[in-house]
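I have placed the structure first, in the form of structure tokens, so that the comments after it can refer back to it.
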Amino acid sequence: QRRYYRGMLKSFTGSLRERLPGVIVSSADASIYSVVDVRNIAPADFDALDFVLFCAREGSVEIAGGSMTLLTAPMAGFYSVAPGQPNPGRTQMRIAYVETPERMKLVPELLAGLFSQYLER
């Protein structure tokens, strides 16, 4: 299993960093998901929850012969912060490795396309 997921992790993180220069992608050792942080490439008012809802409701990209979207989990709820303090999860999303390696190879292009759509609206 480690070999199976390690290959997906390396492919995903490398390709995402190429498609979205400046993005921060975690390289987890013991989980089957990555945290993607767009704080370096998103506007100051970016909110991951709003982006996730955009993807679920209306965002779609033509890829691999069809229209696709991406469901991710916003990370703000994973952090406990004092009132009035900034939440580091505001610009972070979790992407789980729940698809086949072939389909996971589409995710960087899909995420980059959705992110671009979101910023252009």
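Letters A, B, ... go to the chains of the structure tokens in the order shown; residues in each chain start at 1; ligands are counted from 1 in the same order.
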Margin query: If DSSP is run on the backbone, what residues of segment 5-51 of chain A are alpha helix (DSSP H)? A reply as a PyMOL selection string would be ideal.
Written below: chain A and resi 5-19+48-51
Can you spit out the residues from that selection as a short mmCIF file (atom, residue, chain, number, x, y, z; two decimals), in the first residue's frame, using all heavy atoms?
```cif
data_model
loop_
_atom_site.label_atom_id
_atom_site.label_comp_id
_atom_site.auth_asym_id
_atom_site.auth_seq_id
_atom_site.Cartn_x
_atom_site.Cartn_y
_atom_site.Cartn_z
N TYR A 5 0.32 4.31 -2.79
CA TYR A 5 0.00 5.69 -2.46
C TYR A 5 1.18 6.62 -2.63
O TYR A 5 1.01 7.79 -2.98
CB TYR A 5 -0.59 5.80 -1.05
CG TYR A 5 -2.00 5.27 -0.99
CD1 TYR A 5 -2.28 4.05 -0.40
CD2 TYR A 5 -3.04 5.97 -1.56
CE1 TYR A 5 -3.57 3.55 -0.36
CE2 TYR A 5 -4.34 5.49 -1.54
CZ TYR A 5 -4.59 4.28 -0.93
OH TYR A 5 -5.87 3.79 -0.91
N ARG A 6 2.39 6.16 -2.38
CA ARG A 6 3.58 7.00 -2.53
C ARG A 6 3.70 7.48 -3.98
O ARG A 6 4.00 8.64 -4.23
CB ARG A 6 4.83 6.22 -2.11
CG ARG A 6 6.14 6.95 -2.29
CD ARG A 6 6.43 8.03 -1.28
NE ARG A 6 6.32 7.52 0.07
CZ ARG A 6 5.95 8.30 1.09
NH1 ARG A 6 5.71 9.56 0.91
NH2 ARG A 6 5.85 7.80 2.30
N GLY A 7 3.44 6.60 -4.93
CA GLY A 7 3.49 6.99 -6.35
C GLY A 7 2.46 8.06 -6.67
O GLY A 7 2.75 9.02 -7.38
N MET A 8 1.25 7.89 -6.14
CA MET A 8 0.20 8.87 -6.37
C MET A 8 0.57 10.21 -5.74
O MET A 8 0.38 11.27 -6.35
CB MET A 8 -1.12 8.38 -5.76
CG MET A 8 -2.17 8.11 -6.79
SD MET A 8 -3.81 7.85 -6.11
CE MET A 8 -3.61 6.33 -5.21
N LEU A 9 1.10 10.16 -4.53
CA LEU A 9 1.49 11.37 -3.81
C LEU A 9 2.56 12.15 -4.57
O LEU A 9 2.42 13.36 -4.78
CB LEU A 9 1.99 11.01 -2.41
CG LEU A 9 2.57 12.15 -1.58
CD1 LEU A 9 1.47 13.10 -1.16
CD2 LEU A 9 3.28 11.60 -0.35
N LYS A 10 3.58 11.46 -5.03
CA LYS A 10 4.66 12.13 -5.76
C LYS A 10 4.14 12.73 -7.07
O LYS A 10 4.47 13.87 -7.41
CB LYS A 10 5.80 11.16 -6.04
CG LYS A 10 6.62 10.82 -4.82
CD LYS A 10 7.75 9.91 -5.18
CE LYS A 10 9.02 10.53 -4.65
NZ LYS A 10 10.20 9.79 -4.98
N SER A 11 3.34 11.97 -7.79
CA SER A 11 2.79 12.46 -9.04
C SER A 11 1.90 13.68 -8.81
O SER A 11 2.02 14.69 -9.51
CB SER A 11 1.99 11.34 -9.72
OG SER A 11 1.32 11.82 -10.85
N PHE A 12 1.02 13.59 -7.82
CA PHE A 12 0.09 14.67 -7.53
C PHE A 12 0.82 15.94 -7.12
O PHE A 12 0.58 17.01 -7.67
CB PHE A 12 -0.89 14.23 -6.43
CG PHE A 12 -1.77 15.35 -5.95
CD1 PHE A 12 -2.84 15.77 -6.70
CD2 PHE A 12 -1.51 15.96 -4.74
CE1 PHE A 12 -3.65 16.81 -6.26
CE2 PHE A 12 -2.31 17.00 -4.29
CZ PHE A 12 -3.38 17.42 -5.05
N THR A 13 1.70 15.84 -6.14
CA THR A 13 2.36 17.04 -5.63
C THR A 13 3.24 17.69 -6.69
O THR A 13 3.21 18.91 -6.86
CB THR A 13 3.19 16.75 -4.36
OG1 THR A 13 4.15 15.73 -4.64
CG2 THR A 13 2.32 16.31 -3.21
N GLY A 14 3.98 16.90 -7.44
CA GLY A 14 4.85 17.46 -8.48
C GLY A 14 4.05 18.16 -9.57
O GLY A 14 4.37 19.28 -9.97
N SER A 15 3.01 17.50 -10.04
CA SER A 15 2.19 18.07 -11.11
C SER A 15 1.44 19.31 -10.64
O SER A 15 1.32 20.29 -11.38
CB SER A 15 1.22 17.02 -11.63
OG SER A 15 0.47 17.52 -12.71
N LEU A 16 0.94 19.29 -9.41
CA LEU A 16 0.21 20.46 -8.91
C LEU A 16 1.14 21.66 -8.77
O LEU A 16 0.78 22.78 -9.11
CB LEU A 16 -0.48 20.14 -7.58
CG LEU A 16 -1.42 21.23 -7.08
CD1 LEU A 16 -2.53 21.51 -8.09
CD2 LEU A 16 -2.02 20.84 -5.74
N ARG A 17 2.34 21.43 -8.29
CA ARG A 17 3.30 22.53 -8.14
C ARG A 17 3.69 23.11 -9.50
O ARG A 17 3.98 24.30 -9.62
CB ARG A 17 4.53 22.06 -7.38
CG ARG A 17 4.25 21.86 -5.91
CD ARG A 17 5.43 21.29 -5.17
NE ARG A 17 5.11 21.11 -3.76
CZ ARG A 17 5.54 20.11 -3.03
NH1 ARG A 17 6.34 19.18 -3.56
NH2 ARG A 17 5.21 20.02 -1.76
N GLU A 18 3.69 22.29 -10.55
CA GLU A 18 3.98 22.78 -11.90
C GLU A 18 2.83 23.62 -12.43
O GLU A 18 3.05 24.65 -13.07
CB GLU A 18 4.21 21.61 -12.86
CG GLU A 18 5.55 20.93 -12.69
CD GLU A 18 5.69 19.72 -13.61
OE1 GLU A 18 4.91 19.61 -14.59
OE2 GLU A 18 6.56 18.88 -13.34
N ARG A 19 1.61 23.18 -12.20
CA ARG A 19 0.43 23.86 -12.75
C ARG A 19 0.04 25.11 -11.96
O ARG A 19 -0.56 26.02 -12.53
CB ARG A 19 -0.75 22.91 -12.81
CG ARG A 19 -0.52 21.80 -13.82
CD ARG A 19 -1.76 20.94 -13.96
NE ARG A 19 -1.54 19.91 -14.93
CZ ARG A 19 -1.66 20.06 -16.24
NH1 ARG A 19 -1.98 21.24 -16.74
NH2 ARG A 19 -1.45 19.06 -17.07
N ALA A 48 -11.34 29.32 1.46
CA ALA A 48 -11.39 27.95 0.92
C ALA A 48 -12.81 27.39 0.92
O ALA A 48 -13.19 26.68 -0.01
CB ALA A 48 -10.45 27.04 1.69
N LEU A 49 -13.58 27.68 1.95
CA LEU A 49 -14.96 27.18 1.99
C LEU A 49 -15.75 27.72 0.80
O LEU A 49 -16.47 26.96 0.14
CB LEU A 49 -15.64 27.56 3.30
CG LEU A 49 -17.12 27.17 3.40
CD1 LEU A 49 -17.32 25.68 3.21
CD2 LEU A 49 -17.71 27.64 4.72
N ASP A 50 -15.60 28.98 0.49
CA ASP A 50 -16.29 29.55 -0.66
C ASP A 50 -15.84 28.87 -1.95
O ASP A 50 -16.66 28.58 -2.84
CB ASP A 50 -16.04 31.06 -0.72
CG ASP A 50 -16.92 31.74 -1.76
OD1 ASP A 50 -18.15 31.55 -1.72
OD2 ASP A 50 -16.37 32.46 -2.62
N PHE A 51 -14.55 28.61 -2.08
CA PHE A 51 -14.03 27.91 -3.26
C PHE A 51 -14.60 26.50 -3.35
O PHE A 51 -15.04 26.06 -4.42
CB PHE A 51 -12.50 27.86 -3.23
CG PHE A 51 -11.90 27.05 -4.33
CD1 PHE A 51 -11.94 27.49 -5.64
CD2 PHE A 51 -11.30 25.83 -4.06
CE1 PHE A 51 -11.39 26.74 -6.68
CE2 PHE A 51 -10.75 25.07 -5.08
CZ PHE A 51 -10.80 25.52 -6.40
#
```
Checklist line | DSSP-assigned strand (DSSP E or B) among chain A, expressed as a PyMOL selection string | finding: chain A and resi 24-25+33-37+61-63+66-68+73-74+92-96
Would you mind exporting the chosen residues as a PDB file, in the first residue's frame, restricted to N, CA and C atoms?
```
ATOM      1  N   ILE A  24       1.317  25.561  -1.991  1.00  0.00           N
ATOM      2  CA  ILE A  24       1.969  24.742  -0.969  1.00  0.00           C
ATOM      3  C   ILE A  24       1.190  23.435  -0.891  1.00  0.00           C
ATOM      4  N   VAL A  25       1.885  22.323  -1.030  1.00  0.00           N
ATOM      5  CA  VAL A  25       1.242  21.013  -0.990  1.00  0.00           C
ATOM      6  C   VAL A  25       1.950  20.167   0.048  1.00  0.00           C
ATOM      7  N   TYR A  33      -4.112  11.655   2.103  1.00  0.00           N
ATOM      8  CA  TYR A  33      -4.584  12.929   1.589  1.00  0.00           C
ATOM      9  C   TYR A  33      -3.448  13.941   1.649  1.00  0.00           C
ATOM     10  N   SER A  34      -3.619  15.026   0.908  1.00  0.00           N
ATOM     11  CA  SER A  34      -2.694  16.149   0.951  1.00  0.00           C
ATOM     12  C   SER A  34      -3.475  17.402   1.283  1.00  0.00           C
ATOM     13  N   VAL A  35      -2.813  18.318   1.952  1.00  0.00           N
ATOM     14  CA  VAL A  35      -3.388  19.635   2.197  1.00  0.00           C
ATOM     15  C   VAL A  35      -2.769  20.586   1.178  1.00  0.00           C
ATOM     16  N   VAL A  36      -3.633  21.290   0.474  1.00  0.00           N
ATOM     17  CA  VAL A  36      -3.217  22.251  -0.541  1.00  0.00           C
ATOM     18  C   VAL A  36      -3.502  23.642   0.009  1.00  0.00           C
ATOM     19  N   ASP A  37      -2.468  24.479   0.055  1.00  0.00           N
ATOM     20  CA  ASP A  37      -2.610  25.833   0.583  1.00  0.00           C
ATOM     21  C   ASP A  37      -2.301  26.824  -0.537  1.00  0.00           C
ATOM     22  N   VAL A  61     -14.698  21.699 -15.332  1.00  0.00           N
ATOM     23  CA  VAL A  61     -13.628  21.801 -16.311  1.00  0.00           C
ATOM     24  C   VAL A  61     -13.781  20.652 -17.290  1.00  0.00           C
ATOM     25  N   GLU A  62     -13.614  20.944 -18.572  1.00  0.00           N
ATOM     26  CA  GLU A  62     -13.612  19.895 -19.588  1.00  0.00           C
ATOM     27  C   GLU A  62     -12.254  19.217 -19.549  1.00  0.00           C
ATOM     28  N   ILE A  63     -12.256  17.954 -19.205  1.00  0.00           N
ATOM     29  CA  ILE A  63     -11.002  17.207 -19.080  1.00  0.00           C
ATOM     30  C   ILE A  63     -11.289  15.726 -19.321  1.00  0.00           C
ATOM     31  N   GLY A  66     -14.754  14.797 -20.705  1.00  0.00           N
ATOM     32  CA  GLY A  66     -15.990  15.084 -19.984  1.00  0.00           C
ATOM     33  C   GLY A  66     -15.856  16.294 -19.085  1.00  0.00           C
ATOM     34  N   SER A  67     -16.980  16.702 -18.574  1.00  0.00           N
ATOM     35  CA  SER A  67     -17.021  17.840 -17.657  1.00  0.00           C
ATOM     36  C   SER A  67     -16.878  17.305 -16.237  1.00  0.00           C
ATOM     37  N   MET A  68     -15.890  17.848 -15.506  1.00  0.00           N
ATOM     38  CA  MET A  68     -15.624  17.355 -14.155  1.00  0.00           C
ATOM     39  C   MET A  68     -15.492  18.504 -13.176  1.00  0.00           C
ATOM     40  N   ALA A  73     -12.186  19.233   0.938  1.00  0.00           N
ATOM     41  CA  ALA A  73     -12.650  19.627   2.274  1.00  0.00           C
ATOM     42  C   ALA A  73     -11.888  20.865   2.714  1.00  0.00           C
ATOM     43  N   PRO A  74     -12.609  21.945   3.072  1.00  0.00           N
ATOM     44  CA  PRO A  74     -11.913  23.131   3.568  1.00  0.00           C
ATOM     45  C   PRO A  74     -11.302  22.820   4.933  1.00  0.00           C
ATOM     46  N   GLN A  92      -6.695  26.788   2.899  1.00  0.00           N
ATOM     47  CA  GLN A  92      -6.280  25.390   2.730  1.00  0.00           C
ATOM     48  C   GLN A  92      -7.464  24.463   2.445  1.00  0.00           C
ATOM     49  N   MET A  93      -7.178  23.447   1.620  1.00  0.00           N
ATOM     50  CA  MET A  93      -8.148  22.404   1.314  1.00  0.00           C
ATOM     51  C   MET A  93      -7.477  21.043   1.408  1.00  0.00           C
ATOM     52  N   ARG A  94      -8.240  20.052   1.769  1.00  0.00           N
ATOM     53  CA  ARG A  94      -7.721  18.689   1.844  1.00  0.00           C
ATOM     54  C   ARG A  94      -8.225  17.916   0.631  1.00  0.00           C
ATOM     55  N   ILE A  95      -7.290  17.231  -0.025  1.00  0.00           N
ATOM     56  CA  ILE A  95      -7.632  16.394  -1.173  1.00  0.00           C
ATOM     57  C   ILE A  95      -7.230  14.972  -0.838  1.00  0.00           C
ATOM     58  N   ALA A  96      -8.218  14.086  -0.811  1.00  0.00           N
ATOM     59  CA  ALA A  96      -7.984  12.685  -0.464  1.00  0.00           C
ATOM     60  C   ALA A  96      -7.658  11.876  -1.718  1.00  0.00           C
TER      61      ALA A  96
END
```
Which residues of segment 20-44 of chain A come within 10 Å of segment 110-116 of chain A, and for each one, what is the closest pair of atoms and their distance in Å to one decimal, counting only C-alpha atoms, sorted by chain and residue number, as a tab-separated table?
```
residue	atom	partner	partner_atom	distance
A:Leu20	CA	A:Ala112	CA	6.3
A:Val38	CA	A:Phe115	CA	9.5
A:Ala42	CA	A:Phe115	CA	9.0
```
Deliver the residues from the most recent selection as a file, using N, CA and C atoms, as a PDB file, in the first residue's frame.
```
ATOM      1  N   LEU A  20       0.349  25.117 -10.667  1.00  0.00           N
ATOM      2  CA  LEU A  20       0.037  26.269  -9.829  1.00  0.00           C
ATOM      3  C   LEU A  20       1.294  26.692  -9.070  1.00  0.00           C
ATOM      4  N   VAL A  38      -3.262  27.693  -0.835  1.00  0.00           N
ATOM      5  CA  VAL A  38      -3.115  28.642  -1.943  1.00  0.00           C
ATOM      6  C   VAL A  38      -2.802  30.061  -1.463  1.00  0.00           C
ATOM      7  N   ALA A  42      -3.360  33.230  -4.005  1.00  0.00           N
ATOM      8  CA  ALA A  42      -4.755  33.670  -3.965  1.00  0.00           C
ATOM      9  C   ALA A  42      -4.842  35.105  -3.468  1.00  0.00           C
TER      10      ALA A  42
END
```
Check: What is the atom CA of Pro21 of chain A to atom CA of Asn40 of chain A distance in Å?
Finding: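 Taking atom CA of Pro21 of chain A as the start and atom CA of Asn40 of chain A as the end point, the length is 9.1 Å.
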Item checked: Separation of atom CA of Ser80 of chain A from atom CA of Ser27 of chain A in Å -> 22.3 Å
Note to self: For a quick check of understanding, using only C-alpha atoms, which of A:Pro101, A:Arg3, A:Ile32, A:Val107 has the smallest distance to Leu70 of chain A?
What the structure shows: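 Using only C-alpha atoms, the shortest distance to Leu70 of chain A belongs to A:Val107.
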Margin query: Just checking: using only C-alpha atoms, which residue out of A:Leu71, A:Ala82, A:Leu53, A:Ile41 ends up closest to Glu99 of chain A?
Written below: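 Looking at the shortest contact to Glu99 of chain A, the residue is A:Leu71.
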Next item on the list: Skip Asp45 of chain A itself and residues of its chain fewer than 6 positions away, then list as a list in words all residues within 10 Å of it, counting only C-alpha atoms.
Entry: Arg39, Arg90 and Thr91 of chain A
For the selection you just gave me, I'd like the residues written to a file as a compact mmCIF listing (two decimals), in the first residue's frame, keeping all heavy atoms.
```
# COMPACT_ATOMS: atom_id res chain seq x y z
N ARG A 39 -2.39 30.23 -0.22
CA ARG A 39 -2.17 31.57 0.34
C ARG A 39 -1.18 32.41 -0.45
O ARG A 39 -1.29 33.63 -0.49
CB ARG A 39 -1.75 31.50 1.80
CG ARG A 39 -0.36 30.95 2.00
CD ARG A 39 0.05 30.95 3.46
NE ARG A 39 1.15 30.02 3.64
CZ ARG A 39 1.30 29.26 4.69
NH1 ARG A 39 0.43 29.32 5.66
NH2 ARG A 39 2.32 28.45 4.76
N ARG A 90 -7.96 28.96 6.40
CA ARG A 90 -8.78 29.78 5.51
C ARG A 90 -8.38 29.63 4.05
O ARG A 90 -9.21 29.77 3.14
CB ARG A 90 -8.67 31.24 5.94
CG ARG A 90 -9.57 32.20 5.19
CD ARG A 90 -9.37 33.63 5.66
NE ARG A 90 -7.98 34.08 5.55
CZ ARG A 90 -7.39 34.46 4.42
NH1 ARG A 90 -8.04 34.42 3.29
NH2 ARG A 90 -6.14 34.87 4.42
N THR A 91 -7.13 29.31 3.78
CA THR A 91 -6.65 29.17 2.40
C THR A 91 -6.26 27.72 2.07
O THR A 91 -5.59 27.47 1.09
CB THR A 91 -5.44 30.09 2.17
OG1 THR A 91 -4.41 29.75 3.11
CG2 THR A 91 -5.81 31.55 2.29
```
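The spacing separating atom CA of Gln85 of chain A from atom CA of Ala56 of chain A amounts to 28.3 Å.
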